[in-house]
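Heads up, run-v6.cif below (mmCIF, C-alpha atoms):
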data_data
loop_
_atom_site.label_atom_id
_atom_site.label_comp_id
_atom_site.auth_asym_id
_atom_site.auth_seq_id
_atom_site.Cartn_x
_atom_site.Cartn_y
_atom_site.Cartn_z
CA MET A 8 163.46 29.91 -101.05
CA ALA A 9 160.13 30.82 -102.60
CA ARG A 10 160.07 32.33 -106.09
CA LEU A 11 157.63 34.63 -107.82
CA GLU A 12 155.92 33.04 -110.81
CA PHE A 13 155.03 35.69 -113.36
CA PHE A 14 152.53 34.78 -116.10
CA PHE A 15 152.42 37.39 -118.83
CA ASP A 16 151.57 38.18 -122.45
CA LEU A 17 153.41 40.75 -124.57
CA GLY A 18 150.12 42.31 -125.67
CA SER A 19 149.00 43.15 -122.13
CA PRO A 20 149.99 46.68 -121.09
CA TYR A 21 149.74 45.99 -117.35
CA SER A 22 151.97 42.95 -117.90
CA TYR A 23 154.45 45.34 -119.52
CA LEU A 24 154.45 47.57 -116.45
CA ALA A 25 155.04 44.55 -114.20
CA ALA A 26 157.74 43.17 -116.52
CA HIS A 27 159.55 46.49 -116.62
CA ARG A 28 159.57 46.75 -112.84
CA LEU A 29 160.61 43.12 -112.34
CA GLY A 30 163.35 43.53 -114.94
CA HIS A 31 164.68 46.80 -113.58
CA ALA A 32 163.65 48.41 -110.26
CA LEU A 33 162.68 45.09 -108.64
CA SER A 34 165.36 42.91 -110.25
CA ARG A 35 166.73 41.64 -106.93
CA HIS A 36 163.67 39.35 -106.51
CA PRO A 37 163.74 35.73 -107.72
CA VAL A 38 161.25 35.54 -110.60
CA ASP A 39 160.28 32.79 -113.02
CA TRP A 40 158.94 34.29 -116.23
CA HIS A 41 156.12 32.24 -117.77
CA PRO A 42 154.89 33.45 -121.17
CA PHE A 43 151.30 32.34 -121.75
CA LEU A 44 148.63 33.17 -124.32
CA LEU A 45 146.19 35.70 -122.91
CA GLY A 46 143.66 35.24 -125.71
CA ALA A 47 143.43 31.55 -124.84
CA VAL A 48 143.03 32.41 -121.14
CA PHE A 49 140.12 34.70 -122.01
CA LYS A 50 138.57 32.00 -124.19
CA ALA A 51 138.94 29.31 -121.51
CA THR A 52 137.53 31.44 -118.68
CA GLY A 53 134.93 33.55 -120.47
CA ASN A 54 136.83 36.69 -119.49
CA ARG A 55 137.45 39.46 -122.00
CA MET A 56 139.91 42.29 -122.47
CA PRO A 57 139.16 45.55 -120.60
CA ALA A 58 138.87 47.47 -123.88
CA ALA A 59 135.84 45.32 -124.78
CA THR A 60 133.96 47.90 -122.68
CA PRO A 61 134.64 51.20 -124.51
CA ALA A 62 134.43 53.39 -121.38
CA LYS A 63 136.83 51.03 -119.60
CA GLY A 64 139.17 51.12 -122.59
CA ARG A 65 139.24 54.93 -122.52
CA TYR A 66 139.95 54.98 -118.79
CA MET A 67 142.62 52.29 -119.17
CA LEU A 68 144.58 54.62 -121.44
CA VAL A 69 144.53 57.35 -118.80
CA ASP A 70 145.38 54.93 -116.02
CA LEU A 71 148.26 53.35 -117.96
CA HIS A 72 149.89 56.70 -118.59
CA ARG A 73 149.46 57.59 -114.91
CA GLN A 74 150.95 54.29 -113.73
CA ALA A 75 153.86 54.49 -116.18
CA ALA A 76 154.64 58.03 -114.98
CA ARG A 77 154.31 56.95 -111.34
CA TYR A 78 156.91 54.21 -111.74
CA GLY A 79 159.12 56.07 -114.24
CA ILE A 80 158.44 53.56 -117.03
CA PRO A 81 158.72 54.66 -120.68
CA PHE A 82 155.36 54.12 -122.35
CA ALA A 83 153.60 55.05 -125.58
CA PHE A 84 150.31 53.39 -126.44
CA PRO A 85 150.91 51.57 -129.75
CA ALA A 86 148.73 52.04 -132.83
CA ALA A 87 148.79 48.26 -133.42
CA PHE A 88 146.89 47.49 -130.16
CA PRO A 89 145.27 45.01 -129.63
CA LEU A 90 148.11 42.80 -130.75
CA ASN A 91 147.85 39.21 -131.96
CA THR A 92 150.52 37.66 -129.74
CA LEU A 93 150.37 34.03 -130.87
CA LEU A 94 153.67 34.19 -132.75
CA SER A 95 155.56 36.34 -130.26
CA GLN A 96 154.40 34.22 -127.30
CA ARG A 97 155.55 31.10 -129.19
CA VAL A 98 158.91 32.79 -129.74
CA LEU A 99 159.16 33.27 -125.98
CA ALA A 100 158.05 29.69 -125.32
CA ALA A 101 160.89 28.54 -127.58
CA THR A 102 163.45 30.70 -125.75
CA GLU A 103 165.73 29.03 -123.22
CA PRO A 104 164.41 29.79 -119.72
CA ALA A 105 167.42 31.83 -118.60
CA LYS A 106 166.89 34.25 -121.49
CA ILE A 107 163.09 34.66 -121.38
CA ALA A 108 163.26 37.74 -119.15
CA SER A 109 165.72 39.65 -121.33
CA VAL A 110 164.03 38.67 -124.60
CA SER A 111 160.64 39.63 -123.16
CA LEU A 112 161.93 43.03 -122.06
CA LEU A 113 163.39 43.60 -125.52
CA LEU A 114 160.04 42.77 -127.19
CA TYR A 115 158.03 44.73 -124.62
CA GLU A 116 160.13 47.79 -125.33
CA ALA A 117 159.78 47.32 -129.09
CA PHE A 118 156.00 47.32 -128.83
CA TRP A 119 155.10 49.45 -125.78
CA VAL A 120 157.75 52.14 -126.26
CA ARG A 121 158.60 52.23 -129.99
CA GLY A 122 155.29 50.87 -131.32
CA GLU A 123 156.87 48.20 -133.55
CA ASP A 124 154.41 45.55 -134.73
CA ILE A 125 155.82 42.45 -133.05
CA SER A 126 153.06 40.29 -134.52
CA ASP A 127 154.96 40.59 -137.82
CA PRO A 128 157.53 37.79 -138.36
CA THR A 129 159.81 40.18 -140.28
CA VAL A 130 159.88 42.59 -137.35
CA LEU A 131 160.52 39.73 -134.91
CA ALA A 132 163.36 38.42 -137.11
CA GLN A 133 164.96 41.86 -137.19
CA LEU A 134 164.81 42.03 -133.40
CA LEU A 135 165.80 38.45 -132.52
CA GLY A 136 167.14 36.76 -135.67
CA GLU A 137 165.55 34.33 -138.13
CA GLU A 138 166.28 31.35 -135.90
CA ALA A 139 164.13 32.62 -133.07
CA VAL A 140 161.15 32.99 -135.41
CA ALA A 141 161.78 29.56 -136.95
CA ALA A 142 161.90 27.96 -133.49
CA ALA A 143 158.43 29.34 -132.76
CA ALA A 144 157.02 27.18 -135.55
CA GLU A 145 158.29 23.95 -133.96
CA PRO A 146 155.76 21.70 -132.20
CA GLU A 147 157.76 21.98 -128.95
CA ALA A 148 157.18 25.74 -128.78
CA LYS A 149 153.47 25.41 -129.55
CA ASP A 150 153.06 22.63 -127.01
CA ARG A 151 154.97 24.51 -124.31
CA LEU A 152 152.91 27.67 -124.79
CA ARG A 153 149.68 25.67 -124.66
CA ALA A 154 150.80 23.75 -121.57
CA THR A 155 151.82 26.94 -119.71
CA THR A 156 148.49 28.55 -120.57
CA ASP A 157 146.48 25.49 -119.52
CA LEU A 158 148.43 25.25 -116.27
CA ALA A 159 147.79 28.90 -115.43
CA VAL A 160 144.07 28.52 -116.12
CA SER A 161 143.89 25.32 -114.05
CA ARG A 162 145.48 27.21 -111.15
CA GLY A 163 142.87 29.98 -111.39
CA ALA A 164 144.28 32.58 -113.79
CA PHE A 165 141.79 34.61 -115.84
CA GLY A 166 143.90 37.54 -117.05
CA ALA A 167 147.37 39.08 -117.12
CA PRO A 168 149.63 39.69 -115.38
CA THR A 169 149.06 36.86 -112.91
CA PHE A 170 151.52 36.10 -110.14
CA PHE A 171 151.86 33.07 -107.90
CA VAL A 172 153.79 32.74 -104.67
CA GLY A 173 153.36 29.07 -103.86
CA GLU A 174 149.63 28.54 -104.33
CA GLN A 175 148.70 32.15 -103.52
CA MET A 176 147.53 33.88 -106.69
CA TYR A 177 147.68 37.63 -107.31
CA PHE A 178 146.08 39.30 -110.31
CA GLY A 179 147.17 42.53 -111.90
CA HIS A 180 150.07 44.95 -111.75
CA ASP A 181 148.22 46.48 -108.76
CA ARG A 182 148.98 43.41 -106.68
CA LEU A 183 152.66 42.99 -107.54
CA ASP A 184 153.78 44.66 -104.33
CA GLU A 185 151.56 42.34 -102.28
CA ALA A 186 152.91 39.29 -104.08
CA LEU A 187 156.46 40.43 -103.33
CA GLU A 188 155.56 40.97 -99.66
CA GLN A 189 154.24 37.41 -99.58
CA LEU A 190 157.49 36.25 -101.18
CA GLU A 191 159.47 37.85 -98.34
CA THR A 192 157.43 36.08 -95.68
CA ASP A 193 157.46 32.63 -97.34
CA MET B 29 139.44 73.69 -102.11
CA ALA B 30 138.98 70.59 -104.25
CA ARG B 31 136.76 67.78 -103.00
CA LEU B 32 136.73 64.07 -103.68
CA GLU B 33 133.58 62.86 -105.45
CA PHE B 34 132.85 59.27 -104.49
CA PHE B 35 130.35 57.32 -106.64
CA PHE B 36 129.34 54.06 -104.99
CA ASP B 37 126.75 51.31 -104.75
CA LEU B 38 125.98 49.35 -101.57
CA GLY B 39 126.22 46.04 -103.43
CA SER B 40 129.82 46.63 -104.56
CA PRO B 41 132.36 45.11 -102.15
CA TYR B 42 135.24 47.31 -103.30
CA SER B 43 132.98 50.33 -102.80
CA TYR B 44 132.48 49.09 -99.24
CA LEU B 45 136.24 49.01 -98.65
CA ALA B 46 136.56 52.55 -99.99
CA ALA B 47 133.55 53.76 -97.98
CA HIS B 48 134.90 52.26 -94.78
CA ARG B 49 138.28 53.93 -95.26
CA LEU B 50 136.74 57.29 -96.23
CA GLY B 51 134.38 57.09 -93.27
CA HIS B 52 137.02 56.10 -90.74
CA ALA B 53 140.79 56.06 -91.37
CA LEU B 54 140.63 58.74 -94.10
CA SER B 55 137.83 60.84 -92.62
CA ARG B 56 139.88 64.07 -92.61
CA HIS B 57 139.47 64.37 -96.40
CA PRO B 58 136.60 66.39 -97.93
CA VAL B 59 134.35 63.88 -99.69
CA ASP B 60 131.03 64.14 -101.49
CA TRP B 61 129.18 60.82 -101.35
CA HIS B 62 127.20 60.10 -104.53
CA PRO B 63 125.04 56.97 -104.43
CA PHE B 64 124.43 55.67 -107.96
CA LEU B 65 123.00 52.47 -109.41
CA LEU B 66 125.78 50.13 -110.49
CA GLY B 67 123.45 47.82 -112.43
CA ALA B 68 122.38 50.77 -114.58
CA VAL B 69 126.03 51.77 -115.09
CA PHE B 70 126.81 48.25 -116.33
CA LYS B 71 123.79 48.33 -118.63
CA ALA B 72 124.68 51.75 -120.06
CA THR B 73 128.34 50.92 -120.67
CA GLY B 74 128.20 47.23 -121.58
CA ASN B 75 130.38 46.42 -118.58
CA ARG B 76 129.53 43.51 -116.28
CA MET B 77 130.23 42.49 -112.72
CA PRO B 78 133.56 40.73 -112.08
CA ALA B 79 131.76 37.60 -110.84
CA ALA B 80 130.29 37.17 -114.34
CA THR B 81 133.60 35.42 -115.02
CA PRO B 82 133.61 32.51 -112.52
CA ALA B 83 137.42 32.37 -112.13
CA LYS B 84 137.44 36.14 -111.52
CA GLY B 85 134.66 35.79 -108.98
CA ARG B 86 136.61 33.13 -107.07
CA TYR B 87 139.74 35.30 -107.04
CA MET B 88 137.74 38.37 -106.02
CA LEU B 89 136.73 36.57 -102.82
CA VAL B 90 140.37 35.90 -101.95
CA ASP B 91 141.42 39.42 -102.86
CA LEU B 92 138.61 41.04 -100.87
CA HIS B 93 139.56 39.16 -97.72
CA ARG B 94 143.20 40.13 -98.25
CA GLN B 95 142.35 43.79 -98.80
CA ALA B 96 140.00 43.92 -95.80
CA ALA B 97 142.71 42.38 -93.60
CA ARG B 98 145.31 44.75 -94.99
CA TYR B 99 143.27 47.81 -94.05
CA GLY B 100 141.81 46.38 -90.84
CA ILE B 101 138.24 46.46 -92.19
CA PRO B 102 135.63 44.02 -90.82
CA PHE B 103 134.36 41.90 -93.70
CA ALA B 104 132.30 38.76 -94.22
CA PHE B 105 131.12 37.87 -97.71
CA PRO B 106 127.29 37.85 -97.56
CA ALA B 107 125.16 34.92 -98.69
CA ALA B 108 122.78 37.34 -100.41
CA PHE B 109 125.40 38.52 -102.94
CA PRO B 110 124.81 39.74 -105.62
CA LEU B 111 122.39 42.20 -104.09
CA ASN B 112 119.59 44.03 -105.88
CA THR B 113 120.36 47.56 -104.71
CA LEU B 114 117.60 49.51 -106.45
CA LEU B 115 115.66 50.14 -103.23
CA SER B 116 118.63 50.78 -100.97
CA GLN B 117 120.25 53.17 -103.48
CA ARG B 118 116.92 55.03 -103.72
CA VAL B 119 116.89 55.25 -99.93
CA LEU B 120 120.33 56.87 -100.09
CA ALA B 121 119.21 59.17 -102.91
CA ALA B 122 116.35 60.32 -100.67
CA THR B 123 118.68 60.97 -97.72
CA GLU B 124 119.72 64.54 -97.02
CA PRO B 125 123.26 65.07 -98.33
CA ALA B 126 124.86 65.67 -94.93
CA LYS B 127 123.68 62.25 -93.73
CA ILE B 128 124.45 60.13 -96.80
CA ALA B 129 127.89 59.11 -95.50
CA SER B 130 126.67 57.91 -92.10
CA VAL B 131 123.58 56.15 -93.48
CA SER B 132 125.73 54.48 -96.15
CA LEU B 133 128.21 53.24 -93.56
CA LEU B 134 125.35 51.86 -91.48
CA LEU B 135 123.93 49.96 -94.46
CA TYR B 136 127.36 48.82 -95.63
CA GLU B 137 128.04 47.33 -92.23
CA ALA B 138 124.62 45.63 -92.14
CA PHE B 139 125.32 43.87 -95.43
CA TRP B 140 129.11 43.40 -95.64
CA VAL B 141 129.71 42.58 -91.98
CA ARG B 142 126.47 41.11 -90.62
CA GLY B 143 125.06 39.76 -93.90
CA GLU B 144 121.60 41.36 -93.48
CA ASP B 145 119.59 41.44 -96.70
CA ILE B 146 119.27 45.17 -97.29
CA SER B 147 117.28 44.61 -100.48
CA ASP B 148 114.37 43.73 -98.16
CA PRO B 149 112.18 46.76 -97.24
CA THR B 150 111.47 45.25 -93.82
CA VAL B 151 115.17 45.01 -93.04
CA LEU B 152 115.72 48.55 -94.31
CA ALA B 153 112.84 49.84 -92.16
CA GLN B 154 114.31 48.16 -89.08
CA LEU B 155 117.65 49.82 -89.74
CA LEU B 156 116.48 53.29 -90.80
CA GLY B 157 112.79 53.61 -89.97
CA GLU B 158 109.64 53.36 -92.11
CA GLU B 159 109.95 56.94 -93.33
CA ALA B 160 113.30 56.35 -95.00
CA VAL B 161 111.84 53.45 -96.98
CA ALA B 162 108.73 55.44 -97.89
CA ALA B 163 110.87 58.33 -99.14
CA ALA B 164 112.62 55.97 -101.53
CA ALA B 165 109.32 55.43 -103.36
CA GLU B 166 108.93 59.14 -104.12
CA PRO B 167 109.61 60.34 -107.67
CA GLU B 168 112.27 62.74 -106.35
CA ALA B 169 114.37 59.85 -105.03
CA LYS B 170 114.02 57.85 -108.23
CA ASP B 171 114.85 60.89 -110.38
CA ARG B 172 117.85 61.82 -108.25
CA LEU B 173 119.29 58.29 -108.39
CA ARG B 174 118.81 58.17 -112.15
CA ALA B 175 120.35 61.62 -112.63
CA THR B 176 123.40 60.78 -110.51
CA THR B 177 123.89 57.54 -112.42
CA ASP B 178 123.51 59.21 -115.81
CA LEU B 179 125.92 61.96 -114.80
CA ALA B 180 128.57 59.46 -113.68
CA VAL B 181 128.24 57.52 -116.94
CA SER B 182 128.42 60.72 -119.00
CA ARG B 183 131.66 61.60 -117.19
CA GLY B 184 133.18 58.20 -118.02
CA ALA B 185 132.25 55.88 -115.14
CA PHE B 186 131.82 52.19 -115.95
CA GLY B 187 131.99 50.57 -112.50
CA ALA B 188 132.26 51.18 -108.77
CA PRO B 189 133.77 52.71 -106.83
CA THR B 190 134.56 55.66 -109.09
CA PHE B 191 136.24 58.81 -107.82
CA PHE B 192 136.60 62.22 -109.38
CA VAL B 193 138.96 65.02 -108.42
CA GLY B 194 137.86 67.80 -110.73
CA GLU B 195 137.66 66.08 -114.11
CA GLN B 196 140.27 63.45 -113.25
CA MET B 197 138.57 60.07 -112.88
CA TYR B 198 139.90 57.18 -110.82
CA PHE B 199 138.37 53.71 -110.87
CA GLY B 200 138.50 51.18 -108.09
CA HIS B 201 139.47 50.99 -104.46
CA ASP B 202 143.03 50.44 -105.75
CA ARG B 203 143.17 54.01 -106.96
CA LEU B 204 141.76 55.76 -103.89
CA ASP B 205 145.23 56.71 -102.63
CA GLU B 206 146.09 58.24 -105.99
CA ALA B 207 142.84 60.19 -106.05
CA LEU B 208 143.62 61.55 -102.58
CA GLU B 209 147.13 62.51 -103.67
CA GLN B 210 145.57 64.41 -106.57
CA LEU B 211 143.24 66.10 -104.10
CA GLU B 212 146.22 67.33 -102.07
CA THR B 213 147.86 68.87 -105.14
CA ASP B 214 144.70 70.50 -106.54
#
Just give me the structure as structure tokens.
Amino acid sequence: MARLEFFFDLGSPYSYLAAHRLGHALSRHPVDWHPFLLGAVFKATGNRMPAATPAKGRYMLVDLHRQAARYGIPFAFPAAFPLNTLLSQRVLAATEPAKIASVSLLLYEAFWVRGEDISDPTVLAQLLGEEAVAAAAEPEAKDRLRATTDLAVSRGAFGAPTFFVGEQMYFGHDRLDEALEQLETD
Amino acid sequence: MARLEFFFDLGSPYSYLAAHRLGHALSRHPVDWHPFLLGAVFKATGNRMPAATPAKGRYMLVDLHRQAARYGIPFAFPAAFPLNTLLSQRVLAATEPAKIASVSLLLYEAFWVRGEDISDPTVLAQLLGEEAVAAAAEPEAKDRLRATTDLAVSRGAFGAPTFFVGEQMYFGHDRLDEALEQLETD
């Protein structure tokens, strides 16, 4: 059976909305969670974060609160945004695949609900233990994060969240429902 | 009763999708059609067209065909994209308000279905008559287009299509349904 591939970064608010839905309301669907590094995706593709355009950044805040309310998702825009996610994405890359979803949801909630600065190794260690942070410093974690990011870019990704169903790509939380429809028909 | 304000540019494919739906499937809703100049909006806000990022441009093509199919909207990506819309937007700005919707739909179909180059005054004259093209050269048309564009930017617009319901702004064809829901509750 086909699976949904979900490429995400903890610093991306629309990835948070998608992650929350996939982890809760939509949890019956088969999903592979692929942490990648959004900053590297932007660098590789020449794309940039929405907030790089101030008017778009202001609207994004309004839209995010609307979307969170629409889907019943707890949400508070964090003071520490934009977040450097290199360390936290490496932590996820070092996590065993079966636990990436639950660890991601835990970190998403820490940042996008409680506003904890998950770029800080001390905060990460409090949430996940010292070992998880230590594992992120290993070459395997760095290599895996880089490989996942490169793979996503080579398949056409330019932002987050990005979904694949087979070779069909879908960009943005807006297209999650369409990706899931495609999953049903595959 | 509240009305939907619809800011659009003929060169914007997602504006075309919204215009087609507002002109046909959603025609029962009260809509004010406001032609503005998307290039000037980008310049004023520092935003840029999606296709400025090549990977985003490639995905946009896929997404547009999907969205058009989803809503049953005829669509063929035109060779002349991106389009210089200064003249055609001035033509719309010179059109009497009650006819802006129908003239816009006519021009949208010429470009986004039949691929006619509506930046060409000869093509525009064939579609709308010489007088419509002449009116676009009048200071009133230029001033009105500039004023509409400036107003949209001052209210927070950074791209197209942009909708307002009262002071609530909605960006993108993706948010048309939400804007219409807001209209129902206002």
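Near chain A, within 8 Å and using only C-alpha atoms, the residues of chain B are Thr73, Gly74, Asn75, Thr81, Pro82, Ala83, Lys84, Tyr87, Asp91, Gly184, Ala185, Phe186, Met197, Tyr198 and Asp202 of chain B.
Pairwise distance (CA of Thr123 in chain B, CA of Gly157 in chain B) equals 12.2 Å.
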**Message:** So the first atom is CA of Tyr42 in chain B and the second is CA of His201 in chain B; what is the distance between them in Å, to one decimal place?
**Reply:** 5.7 Å
**Message:** Starting from the PyMOL selection byres ((chain A and resi 101) around 7), expand the selection into actual residues of this file and give them as a PyMOL selection string.
**Reply:** chain A and resi 97-100+102-103+142-143+148
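Counting only C-alpha atoms and comparing A:Thr192, A:Gly30, A:Gln96, A:Gly173, the residue that lies closest to Leu44 in chain A is A:Gln96.
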**Message:** Evaluated on this file, the PyMOL selection byres ((chain A and resi 118-120) around 8) picks out some residues - which ones are they, written as a ChimeraX atom specification?
**Reply:** /A:20,23,81-85,114-117,121-125
**Item:** Given all atoms listed in the file as the counted atoms, nearest of A:Leu33, A:Leu24, A:Leu93, A:Ile80 to Gly46 in chain A
**Value:** A:Leu93
**Message:** I'd like to see the residues matched by the PyMOL selection byres ((chain B and resi 32) around 8) on this file, and ideally I'd get them as a list in words.
**Reply:** Ala30, Arg31, Glu33, Phe34, His57, Pro58, Val59, Asp60, Phe191, Phe192, Val193, Ala207, Leu208 and Leu211 of chain B
Expected axis-aligned box over every listed atom of range 113-126 of chain B, 4 Å added per side, centre plus edges in Å to one decimal, as AutoDock Vina command-line options:
--center_x 120.3 --center_y 56.6 --center_z -100.7 --size_x 17.2 --size_y 26.1 --size_z 19.5
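Rounded to one decimal, CA of Asp127 in chain A and CA of Ser95 in chain A lie 8.7 Å from each other.
Among the candidates B:Ala68, B:Ala46, B:Val151, B:Leu89, the one nearest to Gly200 in chain B when counting all atoms listed in the file is B:Ala46.
Nearest-residue note for His31 in chain A: choosing from A:Lys50, A:Tyr78, A:Phe15, A:Thr156, the minimum distance belongs to A:Tyr78, counting all atoms listed in the file.
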Who sits within 7 Å of Gly18 in chain A, all atoms listed in the file, same chain under 4 positions skipped, as a compact mmCIF listing (two decimals) with C-alpha atoms, in the frame of the given file:
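Saved the output as out-v6.txt:
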# COMPACT_ATOMS: atom_id res chain seq x y z
CA PRO A 89 145.27 45.01 -129.63
CA LEU A 90 148.11 42.80 -130.75
CA THR A 92 150.52 37.66 -129.74
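Distance check against Trp40 in chain A using only C-alpha atoms: of A:Leu112, A:Ala86, A:Leu94, A:Met56, the minimum falls on A:Leu112.
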Since the input lacks atoms, please generate N, CA and C atoms for range 51-69 of chain B and provide them as a compact mmCIF listing (two decimals), keeping the file's coordinate frame.
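The result, written out as part_9.txt:
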# COMPACT_ATOMS: atom_id res chain seq x y z
N GLY B 51 135.19 56.77 -94.45
CA GLY B 51 134.38 57.09 -93.27
C GLY B 51 135.15 57.00 -91.96
N HIS B 52 136.27 56.30 -91.98
CA HIS B 52 137.02 56.10 -90.74
C HIS B 52 138.47 56.57 -90.88
N ALA B 53 139.35 55.73 -91.36
CA ALA B 53 140.79 56.06 -91.37
C ALA B 53 141.11 57.33 -92.17
N LEU B 54 140.33 57.60 -93.22
CA LEU B 54 140.63 58.74 -94.10
C LEU B 54 139.63 59.87 -93.93
N SER B 55 138.98 59.93 -92.77
CA SER B 55 137.83 60.84 -92.62
C SER B 55 138.21 62.31 -92.61
N ARG B 56 139.51 62.64 -92.59
CA ARG B 56 139.88 64.07 -92.61
C ARG B 56 139.72 64.69 -94.00
N HIS B 57 139.56 63.84 -95.04
CA HIS B 57 139.47 64.37 -96.40
C HIS B 57 138.05 64.85 -96.73
N PRO B 58 137.93 65.90 -97.54
CA PRO B 58 136.60 66.39 -97.93
C PRO B 58 136.02 65.53 -99.05
N VAL B 59 134.93 64.84 -98.74
CA VAL B 59 134.35 63.88 -99.69
C VAL B 59 132.86 64.15 -99.91
N ASP B 60 132.45 64.13 -101.15
CA ASP B 60 131.03 64.14 -101.49
C ASP B 60 130.61 62.73 -101.87
N TRP B 61 129.64 62.20 -101.13
CA TRP B 61 129.18 60.82 -101.35
C TRP B 61 128.03 60.83 -102.34
N HIS B 62 128.21 60.13 -103.46
CA HIS B 62 127.20 60.10 -104.53
C HIS B 62 126.71 58.68 -104.77
N PRO B 63 125.60 58.30 -104.14
CA PRO B 63 125.04 56.97 -104.43
C PRO B 63 124.53 56.92 -105.87
N PHE B 64 124.98 55.88 -106.61
CA PHE B 64 124.43 55.67 -107.96
C PHE B 64 124.05 54.21 -108.10
N LEU B 65 123.49 53.83 -109.25
CA LEU B 65 123.00 52.47 -109.41
C LEU B 65 123.95 51.70 -110.34
N LEU B 66 124.73 50.81 -109.74
CA LEU B 66 125.78 50.13 -110.49
C LEU B 66 125.20 49.27 -111.62
N GLY B 67 124.07 48.62 -111.37
CA GLY B 67 123.45 47.82 -112.43
C GLY B 67 123.14 48.64 -113.66
N ALA B 68 122.69 49.88 -113.45
CA ALA B 68 122.38 50.77 -114.58
C ALA B 68 123.66 51.23 -115.28
N VAL B 69 124.73 51.40 -114.51
CA VAL B 69 126.03 51.77 -115.09
C VAL B 69 126.52 50.64 -115.99
